[in-house]
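**Student:** Next comes target_5.cif, mmCIF, C-alpha atoms:
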```cif
data_run
#
loop_
_atom_site.group_PDB
_atom_site.id
_atom_site.type_symbol
_atom_site.label_atom_id
_atom_site.label_comp_id
_atom_site.auth_asym_id
_atom_site.auth_seq_id
_atom_site.Cartn_x
_atom_site.Cartn_y
_atom_site.Cartn_z
ATOM 1 C CA MET U 24 -48.646 19.519 15.486
ATOM 2 C CA LYS U 25 -49.025 15.774 14.964
ATOM 3 C CA LYS U 26 -49.147 16.302 11.193
ATOM 4 C CA LEU U 27 -45.950 18.349 11.308
ATOM 5 C CA LEU U 28 -44.255 15.659 13.422
ATOM 6 C CA LEU U 29 -45.367 12.936 11.021
ATOM 7 C CA LEU U 30 -44.138 14.975 8.054
ATOM 8 C CA PHE U 31 -40.778 15.497 9.787
ATOM 9 C CA LEU U 32 -40.407 11.751 10.484
ATOM 10 C CA LEU U 33 -41.288 10.871 6.908
ATOM 11 C CA SER U 34 -38.773 13.428 5.613
ATOM 12 C CA THR U 35 -36.048 12.073 7.922
ATOM 13 C CA SER U 36 -36.818 8.496 6.867
ATOM 14 C CA PHE U 37 -36.652 9.466 3.191
ATOM 15 C CA THR U 38 -33.310 11.237 3.708
ATOM 16 C CA MET U 39 -31.803 8.223 5.501
ATOM 17 C CA THR U 40 -33.086 5.861 2.812
ATOM 18 C CA SER U 41 -31.647 8.123 0.120
ATOM 19 C CA GLN U 42 -28.217 8.108 1.797
ATOM 20 C CA ILE U 43 -28.257 4.321 2.099
ATOM 21 C CA SER U 44 -29.282 3.903 -1.544
ATOM 22 C CA LYS U 45 -26.252 5.942 -2.634
ATOM 23 C CA ARG U 46 -23.930 3.285 -1.246
ATOM 24 C CA VAL U 47 -22.666 0.739 -3.746
ATOM 25 C CA LYS U 48 -21.278 -2.743 -3.389
ATOM 26 C CA VAL U 49 -17.562 -2.918 -4.178
ATOM 27 C CA ASP U 50 -15.326 -5.919 -4.633
ATOM 28 C CA GLY U 51 -12.025 -5.715 -2.822
ATOM 29 C CA LYS U 52 -8.803 -7.651 -2.555
ATOM 30 C CA ILE U 53 -6.013 -7.590 0.009
ATOM 31 C CA ILE U 54 -2.529 -8.152 -1.394
ATOM 32 C CA VAL U 55 0.335 -9.113 0.904
ATOM 33 C CA GLU U 56 3.767 -10.588 0.395
ATOM 34 C CA HIS U 57 3.318 -13.796 2.368
ATOM 35 C CA GLN U 58 -0.136 -14.971 1.244
ATOM 36 C CA ASP U 59 -1.602 -14.755 4.768
ATOM 37 C CA VAL U 60 -4.776 -12.933 3.760
ATOM 38 C CA ASP U 61 -7.536 -14.928 5.473
ATOM 39 C CA ALA U 62 -9.827 -13.312 8.080
ATOM 40 C CA ILE U 63 -8.542 -9.713 7.759
ATOM 41 C CA THR U 64 -11.188 -7.327 9.109
ATOM 42 C CA VAL U 65 -12.600 -4.706 6.733
ATOM 43 C CA PHE U 66 -14.830 -2.257 8.624
ATOM 44 C CA ASN U 67 -16.856 0.678 7.320
ATOM 45 C CA THR U 68 -16.884 3.148 10.209
ATOM 46 C CA SER U 69 -19.580 5.233 8.507
ATOM 47 C CA THR U 70 -22.130 2.393 8.460
ATOM 48 C CA GLU U 71 -20.615 0.481 11.390
ATOM 49 C CA LYS U 72 -20.678 -2.686 9.317
ATOM 50 C CA GLY U 73 -17.757 -4.922 8.476
ATOM 51 C CA VAL U 74 -16.695 -8.096 6.723
ATOM 52 C CA ILE U 75 -13.684 -10.387 6.782
ATOM 53 C CA THR U 76 -11.584 -11.536 3.840
ATOM 54 C CA ASN U 77 -11.645 -15.080 2.495
ATOM 55 C CA GLU U 78 -8.603 -17.312 1.970
ATOM 56 C CA LYS U 79 -7.784 -15.386 -1.226
ATOM 57 C CA GLY U 80 -7.923 -11.985 0.484
ATOM 58 C CA GLU U 81 -11.175 -11.086 -1.284
ATOM 59 C CA PHE U 82 -14.149 -9.285 0.234
ATOM 60 C CA THR U 83 -17.320 -7.416 -0.703
ATOM 61 C CA ILE U 84 -18.620 -4.400 1.191
ATOM 62 C CA ARG U 85 -21.070 -1.556 0.647
ATOM 63 C CA VAL U 86 -19.524 1.916 0.642
ATOM 64 C CA GLY U 87 -20.468 5.506 -0.086
ATOM 65 C CA LEU U 88 -18.472 8.563 -1.032
ATOM 66 C CA ASN U 89 -16.128 9.686 1.798
ATOM 67 C CA ASP U 90 -16.824 6.599 3.927
ATOM 68 C CA LEU U 91 -13.833 5.629 6.079
ATOM 69 C CA ILE U 92 -12.786 1.997 5.658
ATOM 70 C CA GLU U 93 -10.489 0.380 8.235
ATOM 71 C CA PHE U 94 -8.308 -2.661 7.508
ATOM 72 C CA ARG U 95 -7.148 -4.499 10.631
ATOM 73 C CA ALA U 96 -5.081 -7.628 11.248
ATOM 74 C CA LEU U 97 -2.599 -8.493 13.976
ATOM 75 C CA GLN U 98 0.178 -9.364 11.535
ATOM 76 C CA TYR U 99 -0.127 -6.222 9.387
ATOM 77 C CA GLN U 100 0.089 -2.493 9.894
ATOM 78 C CA ASN U 101 -3.276 -0.758 10.304
ATOM 79 C CA PHE U 102 -4.526 0.907 7.142
ATOM 80 C CA ASP U 103 -7.398 3.378 6.716
ATOM 81 C CA LEU U 104 -8.912 4.337 3.395
ATOM 82 C CA ARG U 105 -11.275 7.190 2.517
ATOM 83 C CA VAL U 106 -13.630 6.202 -0.311
ATOM 84 C CA ASN U 107 -13.296 8.498 -3.334
ATOM 85 C CA GLU U 108 -15.001 8.875 -6.699
ATOM 86 C CA ALA U 109 -12.573 6.455 -8.382
ATOM 87 C CA ILE U 110 -13.609 3.644 -6.047
ATOM 88 C CA ILE U 111 -17.309 4.402 -6.483
ATOM 89 C CA SER U 112 -17.080 4.400 -10.285
ATOM 90 C CA SER U 113 -14.830 1.327 -10.603
ATOM 91 C CA LYS U 114 -16.490 -0.593 -7.742
ATOM 92 C CA ARG U 115 -13.063 -2.021 -6.922
ATOM 93 C CA ILE U 116 -10.607 -1.686 -4.049
ATOM 94 C CA ARG U 117 -7.064 -3.061 -4.030
ATOM 95 C CA VAL U 118 -5.061 -2.723 -0.832
ATOM 96 C CA PHE U 119 -1.402 -3.605 -0.247
ATOM 97 C CA LEU U 120 -0.799 -4.342 3.439
ATOM 98 C CA ILE U 121 2.653 -4.156 4.999
ATOM 99 C CA GLU U 122 3.770 -6.705 7.574
ATOM 100 C CA GLU U 123 3.879 -5.377 11.134
ATOM 101 C CA ILE U 124 7.329 -5.489 12.715
ATOM 102 C CA SER U 125 7.125 -5.632 16.493
ATOM 103 C CA LYS U 126 9.919 -3.751 18.180
ATOM 104 C CA LEU U 127 10.580 -2.445 21.684
ATOM 105 C CA ASP U 128 12.948 0.208 22.941
ATOM 106 C CA GLU U 129 16.077 -1.325 24.386
ATOM 107 C CA ILE U 130 16.340 -0.525 28.087
ATOM 108 C CA LEU U 131 19.713 -0.204 29.764
ATOM 109 C CA VAL U 132 19.405 -1.534 33.329
ATOM 110 C CA LEU U 133 22.125 -0.264 35.645
ATOM 111 C CA THR U 134 23.427 -2.264 38.633
ATOM 112 C CA LYS U 135 23.696 0.831 40.779
ATOM 113 C CA GLY U 136 22.184 4.238 40.998
ATOM 114 C CA LEU U 137 18.629 2.873 41.314
ATOM 115 C CA SER U 138 16.500 4.340 44.093
ATOM 116 C CA GLY U 139 14.085 1.445 44.467
ATOM 117 C CA ASP U 140 11.214 3.738 43.531
ATOM 118 C CA LEU U 141 10.006 2.034 40.348
ATOM 119 C CA PRO U 142 8.184 5.004 38.719
ATOM 120 C CA ASN U 143 11.169 7.268 39.400
ATOM 121 C CA ASP U 144 13.726 4.737 38.105
ATOM 122 C CA VAL U 145 11.687 4.078 34.932
ATOM 123 C CA SER U 146 11.416 7.816 34.206
ATOM 124 C CA THR U 147 15.175 8.344 34.491
ATOM 125 C CA VAL U 148 16.445 5.209 32.773
ATOM 126 C CA LYS U 149 18.126 5.815 29.400
ATOM 127 C CA THR U 150 16.583 4.254 26.311
ATOM 128 C CA PHE U 151 17.326 4.426 22.611
ATOM 129 C CA ASN U 152 15.236 3.884 19.520
ATOM 130 C CA PRO U 153 17.325 2.353 16.718
ATOM 131 C CA LYS U 154 16.317 3.155 13.180
ATOM 132 C CA LEU U 155 14.726 0.307 11.279
ATOM 133 C CA ASP U 156 17.845 -0.127 9.148
ATOM 134 C CA ALA U 157 19.823 -0.843 12.299
ATOM 135 C CA LEU U 158 17.411 -3.644 13.129
ATOM 136 C CA TYR U 159 17.830 -5.112 9.665
ATOM 137 C CA PHE U 160 21.618 -5.122 9.822
ATOM 138 C CA GLY U 161 21.986 -5.966 13.501
ATOM 139 C CA ILE U 162 22.443 -3.952 16.662
ATOM 140 C CA LYS U 163 26.183 -4.672 16.560
ATOM 141 C CA LYS U 164 26.405 -2.070 13.786
ATOM 142 C CA SER U 165 24.283 0.450 15.636
ATOM 143 C CA ASP U 166 27.279 2.821 15.892
ATOM 144 C CA GLU U 167 26.942 3.339 12.138
ATOM 145 C CA TYR U 168 23.545 4.948 12.595
ATOM 146 C CA GLU U 169 22.379 8.190 14.088
ATOM 147 C CA PHE U 170 20.079 7.796 17.082
ATOM 148 C CA ILE U 171 17.682 10.415 18.251
ATOM 149 C CA ALA U 172 18.857 12.369 21.274
ATOM 150 C CA ASP U 173 15.557 12.468 23.119
ATOM 151 C CA PRO U 174 13.132 9.596 22.404
ATOM 152 C CA ARG U 175 10.486 11.243 24.595
ATOM 153 C CA SER U 176 10.220 14.307 22.391
ATOM 154 C CA GLY U 177 7.132 14.697 20.268
ATOM 155 C CA ILE U 178 7.300 14.218 16.519
ATOM 156 C CA THR U 179 5.707 16.619 14.089
ATOM 157 C CA ASN U 180 4.327 14.859 11.046
ATOM 158 C CA GLU U 181 4.625 17.263 8.126
ATOM 159 C CA ALA U 182 3.986 14.638 5.469
ATOM 160 C CA MET U 183 1.312 15.146 2.876
ATOM 161 C CA HIS U 184 -2.032 13.447 3.395
ATOM 162 C CA SER U 185 -1.907 9.880 2.115
ATOM 163 C CA GLN U 186 -4.582 10.549 -0.495
ATOM 164 C CA SER U 187 -3.462 13.955 -1.703
ATOM 165 C CA THR U 188 -1.843 12.431 -4.777
ATOM 166 C CA THR U 189 -3.379 10.488 -7.635
ATOM 167 C CA MET U 190 -5.492 7.543 -6.473
ATOM 168 C CA VAL U 191 -6.529 4.535 -8.567
ATOM 169 C CA ASN U 192 -8.969 2.030 -7.051
ATOM 170 C CA GLY U 193 -7.944 3.276 -3.629
ATOM 171 C CA LEU U 194 -4.193 3.065 -4.255
ATOM 172 C CA ASN U 195 -1.755 5.946 -4.100
ATOM 173 C CA ILE U 196 -0.482 5.227 -7.582
ATOM 174 C CA VAL U 197 2.736 7.272 -7.336
ATOM 175 C CA ASN U 198 3.789 5.385 -4.204
ATOM 176 C CA VAL U 199 2.963 2.056 -5.847
ATOM 177 C CA VAL U 200 5.147 2.882 -8.853
ATOM 178 C CA ASP U 201 8.010 4.164 -6.675
ATOM 179 C CA GLN U 202 8.011 1.272 -4.218
ATOM 180 C CA LEU U 203 6.901 -1.685 -6.333
ATOM 181 C CA LEU U 204 7.317 -1.156 -10.072
ATOM 182 C CA LEU U 205 10.485 0.943 -10.362
ATOM 183 C CA PRO U 206 12.659 -1.412 -8.242
ATOM 184 C CA LEU U 207 11.267 -4.401 -10.149
ATOM 185 C CA PHE U 208 11.943 -2.938 -13.607
ATOM 186 C CA ARG U 209 15.342 -1.551 -12.578
ATOM 187 C CA SER U 210 16.438 -4.975 -11.319
ATOM 188 C CA LYS U 211 15.742 -6.521 -14.738
ATOM 189 C CA VAL U 212 17.856 -4.017 -16.703
ATOM 190 C CA LYS U 213 20.869 -5.919 -18.071
ATOM 191 C CA ASP U 214 23.373 -3.075 -18.425
ATOM 192 C CA LYS U 215 22.320 -0.568 -15.796
ATOM 193 C CA LYS U 216 25.407 1.604 -16.075
ATOM 194 C CA ALA U 217 25.012 2.052 -19.830
ATOM 195 C CA VAL U 218 21.476 3.434 -19.550
ATOM 196 C CA GLY U 219 21.992 5.308 -16.277
ATOM 197 C CA VAL U 220 19.802 3.115 -14.091
ATOM 198 C CA PRO U 221 20.956 2.728 -10.457
ATOM 199 C CA ASP U 222 21.635 -0.704 -9.057
ATOM 200 C CA VAL U 223 18.873 -2.070 -6.826
ATOM 201 C CA PRO U 224 19.474 -4.017 -3.585
ATOM 202 C CA ILE U 225 17.584 -7.297 -3.692
ATOM 203 C CA SER U 226 15.831 -6.326 -0.453
ATOM 204 C CA ASP U 227 14.180 -3.400 -2.259
ATOM 205 C CA VAL U 228 12.574 -5.600 -4.907
ATOM 206 C CA LYS U 229 9.139 -6.690 -3.712
ATOM 207 C CA TYR U 230 8.591 -9.064 -6.602
ATOM 208 C CA TYR U 231 5.268 -10.495 -5.454
ATOM 209 C CA PHE U 232 3.684 -7.092 -4.905
ATOM 210 C CA GLY U 233 4.991 -5.709 -8.188
ATOM 211 C CA SER U 234 3.959 -8.710 -10.271
ATOM 212 C CA GLU U 235 0.537 -8.782 -8.621
ATOM 213 C CA PHE U 236 -0.003 -5.145 -9.602
ATOM 214 C CA ILE U 237 1.005 -5.878 -13.210
ATOM 215 C CA VAL U 238 -1.302 -8.902 -13.394
ATOM 216 C CA ASP U 239 -4.213 -7.060 -11.824
ATOM 217 C CA ASN U 240 -3.959 -3.783 -13.749
ATOM 218 C CA PHE U 241 -2.508 -4.779 -17.142
ATOM 219 C CA ASN U 242 -4.054 -8.263 -17.509
ATOM 220 C CA ILE U 243 -0.643 -9.874 -17.978
ATOM 221 C CA PRO U 244 -0.742 -13.601 -17.090
ATOM 222 C CA ALA U 245 1.163 -14.274 -13.857
ATOM 223 C CA HIS U 246 3.602 -16.649 -15.573
ATOM 224 C CA ARG U 247 4.412 -14.017 -18.237
ATOM 225 C CA VAL U 248 5.332 -11.086 -15.963
ATOM 226 C CA ASP U 249 9.096 -11.510 -16.491
ATOM 227 C CA ASP U 250 8.554 -11.827 -20.242
ATOM 228 C CA PHE U 251 6.520 -8.620 -20.224
ATOM 229 C CA ILE U 252 9.232 -6.708 -18.360
ATOM 230 C CA GLN U 253 11.854 -7.865 -20.864
ATOM 231 C CA TYR U 254 9.494 -7.003 -23.736
ATOM 232 C CA VAL U 255 9.203 -3.429 -22.451
ATOM 233 C CA GLU U 256 12.928 -2.941 -21.848
ATOM 234 C CA ASN U 257 14.071 -4.629 -25.074
ATOM 235 C CA ASP U 258 12.148 -2.104 -27.151
ATOM 236 C CA GLU U 259 14.725 0.123 -28.831
ATOM 237 C CA GLY U 260 12.491 3.130 -28.276
ATOM 238 C CA PHE U 261 12.062 2.585 -24.536
ATOM 239 C CA ASP U 262 13.084 5.659 -22.544
ATOM 240 C CA PHE U 263 15.027 4.406 -19.505
ATOM 241 C CA THR U 264 14.732 7.820 -17.845
ATOM 242 C CA LEU U 265 11.169 6.770 -17.065
ATOM 243 C CA LEU U 266 12.675 4.547 -14.373
ATOM 244 C CA ASN U 267 13.599 7.668 -12.419
ATOM 245 C CA TYR U 268 11.392 9.294 -9.792
ATOM 246 C CA GLY U 269 9.063 12.048 -10.958
ATOM 247 C CA LYS U 270 7.853 10.317 -14.137
ATOM 248 C CA GLU U 271 5.518 7.763 -12.551
ATOM 249 C CA LEU U 272 2.383 8.604 -14.530
ATOM 250 C CA GLU U 273 4.290 8.755 -17.837
ATOM 251 C CA PHE U 274 5.787 5.358 -17.001
ATOM 252 C CA LEU U 275 2.322 3.903 -16.362
ATOM 253 C CA GLU U 276 1.061 5.209 -19.709
ATOM 254 C CA VAL U 277 3.960 3.491 -21.472
ATOM 255 C CA LEU U 278 3.299 0.261 -19.568
ATOM 256 C CA TYR U 279 -0.342 0.335 -20.609
ATOM 257 C CA ASP U 280 0.532 0.780 -24.297
ATOM 258 C CA LYS U 281 3.191 -1.931 -24.102
ATOM 259 C CA SER U 282 0.809 -4.305 -22.340
ATOM 260 C CA GLN U 283 -1.691 -3.996 -25.194
ATOM 261 C CA GLN U 284 1.065 -4.728 -27.729
ATOM 262 C CA PHE U 285 2.399 -7.608 -25.658
ATOM 263 C CA LEU U 286 -1.029 -9.215 -25.307
ATOM 264 C CA ASN U 287 -1.754 -8.818 -29.016
ATOM 265 C CA VAL U 288 1.587 -10.370 -30.021
ATOM 266 C CA ASN U 289 1.089 -13.325 -27.718
ATOM 267 C CA SER U 290 -2.537 -13.867 -28.770
ATOM 268 C CA GLU U 291 -1.371 -14.095 -32.384
ATOM 269 C CA LYS U 292 1.226 -16.692 -31.383
ATOM 270 C CA ASP U 293 -1.413 -18.712 -29.557
#
```
Can the structure in the file be given as structure tokens, please?
**Tutor:**
Amino acid sequence: MKKLLLLFLLSTSFTMTSQISKRVKVDGKIIVEHQDVDAITVFNTSTEKGVITNEKGEFTIRVGLNDLIEFRALQYQNFDLRVNEAIISSKRIRVFLIEEISKLDEILVLTKGLSGDLPNDVSTVKTFNPKLDALYFGIKKSDEYEFIADPRSGITNEAMHSQSTTMVNGLNIVNVVDQLLLPLFRSKVKDKKAVGVPDVPISDVKYYFGSEFIVDNFNIPAHRVDDFIQYVENDEGFDFTLLNYGKELEFLEVLYDKSQQFLNVNSEKD
């Protein structure tokens, strides 16, 4: 019996050691719009071990396939990431964090009709939840927006899982193209009407995020990002329909080819 117990313990120890050995060290970087990237917590819930980012938003952590990584900071929205094969093979993680906007329901306090029973009055008081656009443009224009009839009703989230689409180094690449690259490239088009590109509100152009992605993934020097965008769009063969939704991966392939040409041209000049 003792021999069987010893054999079982040795087998368990070997299995645990094997699982630990499968974890690899990955280098990560947090990218935000306002450069406040120091001391963001990066926690691996699978190993119950965490690290914090340095002043550049960089960190190193050991991960294994399907580990759940949590990113937490007071000033940014919480973000969770499931480690996939792409992260394991590249040993890199790039995360774009969105600033947290604190907002409270506006409460309408009536001068009469209150019972004095606080729980009862709170349950019956009317509240409204303005859409985020209403907050951006001011509550004075709230009549231009549609407010939900019952803010206490539950919400059914029918969205696709955040990692059901193509992932690159932990990023949902389609979302990155839609939210960061397309607005940036559209804003640089000189004659938008002629090529059928919609105008872009300046608030939709997250220049820092977009340029950081170009620098990090296409090796374009930071001070040459604008030149690279113009180089791509000045090509007579550039297909401006790629700046529409639904062609994100084709657009990335073109950007990669153009980045190689751009770097070669500029290296010859140097």
**Student:** Using all atoms listed in the file, tabulate the residues of segment 251-286 of chain U lying at most 12 Å from any atom of segment 210-224 of chain U, each with its closest atom pair and that distance in Å to one decimal, by chain and increasing residue number, as a tab-separated table.
**Tutor:**
```
residue	atom	partner	partner_atom	distance
U:Phe251	CA	U:Lys211	CA	10.9
U:Ile252	CA	U:Lys211	CA	7.5
U:Gln253	CA	U:Lys211	CA	7.4
U:Tyr254	CA	U:Lys211	CA	11.0
U:Val255	CA	U:Val212	CA	10.4
U:Glu256	CA	U:Val212	CA	7.2
U:Asn257	CA	U:Val212	CA	9.2
U:Glu259	CA	U:Val218	CA	11.9
U:Phe261	CA	U:Val218	CA	10.7
U:Asp262	CA	U:Val218	CA	9.2
U:Phe263	CA	U:Val218	CA	6.5
U:Thr264	CA	U:Gly219	CA	7.8
U:Leu265	CA	U:Val220	CA	9.8
U:Leu266	CA	U:Val220	CA	7.3
U:Asn267	CA	U:Val220	CA	7.9
U:Tyr268	CA	U:Val220	CA	11.3
```
**Student:** Give me a file of those residues, with C-alpha atoms, as a PDB file, keeping the file's coordinate frame.
**Tutor:**
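Okay, this is what ended up in part.pdb:
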```pdb
ATOM      1  CA  PHE U 251       6.520  -8.620 -20.224  1.00  0.00           C
ATOM      2  CA  ILE U 252       9.232  -6.708 -18.360  1.00  0.00           C
ATOM      3  CA  GLN U 253      11.854  -7.865 -20.864  1.00  0.00           C
ATOM      4  CA  TYR U 254       9.494  -7.003 -23.736  1.00  0.00           C
ATOM      5  CA  VAL U 255       9.203  -3.429 -22.451  1.00  0.00           C
ATOM      6  CA  GLU U 256      12.928  -2.941 -21.848  1.00  0.00           C
ATOM      7  CA  ASN U 257      14.071  -4.629 -25.074  1.00  0.00           C
ATOM      8  CA  GLU U 259      14.725   0.123 -28.831  1.00  0.00           C
ATOM      9  CA  PHE U 261      12.062   2.585 -24.536  1.00  0.00           C
ATOM     10  CA  ASP U 262      13.084   5.659 -22.544  1.00  0.00           C
ATOM     11  CA  PHE U 263      15.027   4.406 -19.505  1.00  0.00           C
ATOM     12  CA  THR U 264      14.732   7.820 -17.845  1.00  0.00           C
ATOM     13  CA  LEU U 265      11.169   6.770 -17.065  1.00  0.00           C
ATOM     14  CA  LEU U 266      12.675   4.547 -14.373  1.00  0.00           C
ATOM     15  CA  ASN U 267      13.599   7.668 -12.419  1.00  0.00           C
ATOM     16  CA  TYR U 268      11.392   9.294  -9.792  1.00  0.00           C
TER      17      TYR U 268
END
```
**Student:** Rank U:Asp103, U:Glu123, U:Asp50, U:Glu108 by their smallest atom-to-atom distance to Asn89 of chain U, using all atoms listed in the file, and report the top residue only.
**Tutor:** U:Glu108
**Student:** Residues within 8 Å of Glu78 of chain U, please, as a JSON list (two decimals) with C-alpha atoms, keeping the file's coordinate frame. Count all atoms listed in the file; anything in the same chain fewer than 4 positions from it doesn't count.
**Tutor:**
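The result, written out as selection.json:
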```
[["chain", "number", "residue", "atom", "x", "y", "z"],
["U", 59, "ASP", "CA", -1.60, -14.76, 4.77],
["U", 60, "VAL", "CA", -4.78, -12.93, 3.76],
["U", 61, "ASP", "CA", -7.54, -14.93, 5.47],
["U", 62, "ALA", "CA", -9.83, -13.31, 8.08]]
```
**Student:** Any idea what the distance is between atom CA of Phe66 of chain U and atom CA of Ala109 of chain U?
**Tutor:** 19.2 Å
**Student:** Counting all atoms listed in the file, select every polymer residue within 12 Å of (-17.4, 0.6, 2.7) as defined in the file's coordinates, and provide the selection as a ChimeraX atom specification.
**Tutor:** /U:43,45-51,64-74,82-94,103-107,110-111,114-116,193
**Student:** Which one is closest to Gln283 of chain U: U:Gln58, U:Ser234, U:Asn242, U:Ser113? Count all atoms listed in the file.
**Tutor:**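 Closest candidate: U:Asn242.
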**Student:** Using atom CA of Asp258 of chain U and atom CA of Gln284 of chain U as the two end points, give the distance in Å to one decimal.
**Tutor:**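 Computed distance, atom CA of Asp258 of chain U to atom CA of Gln284 of chain U, equals 11.4 Å.
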**Student:** How many Å lie between atom CA of Glu56 of chain U and atom CA of Arg117 of chain U, rounded to one decimal?
**Tutor:**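 Atom CA of Glu56 of chain U sits 13.9 Å away from atom CA of Arg117 of chain U.
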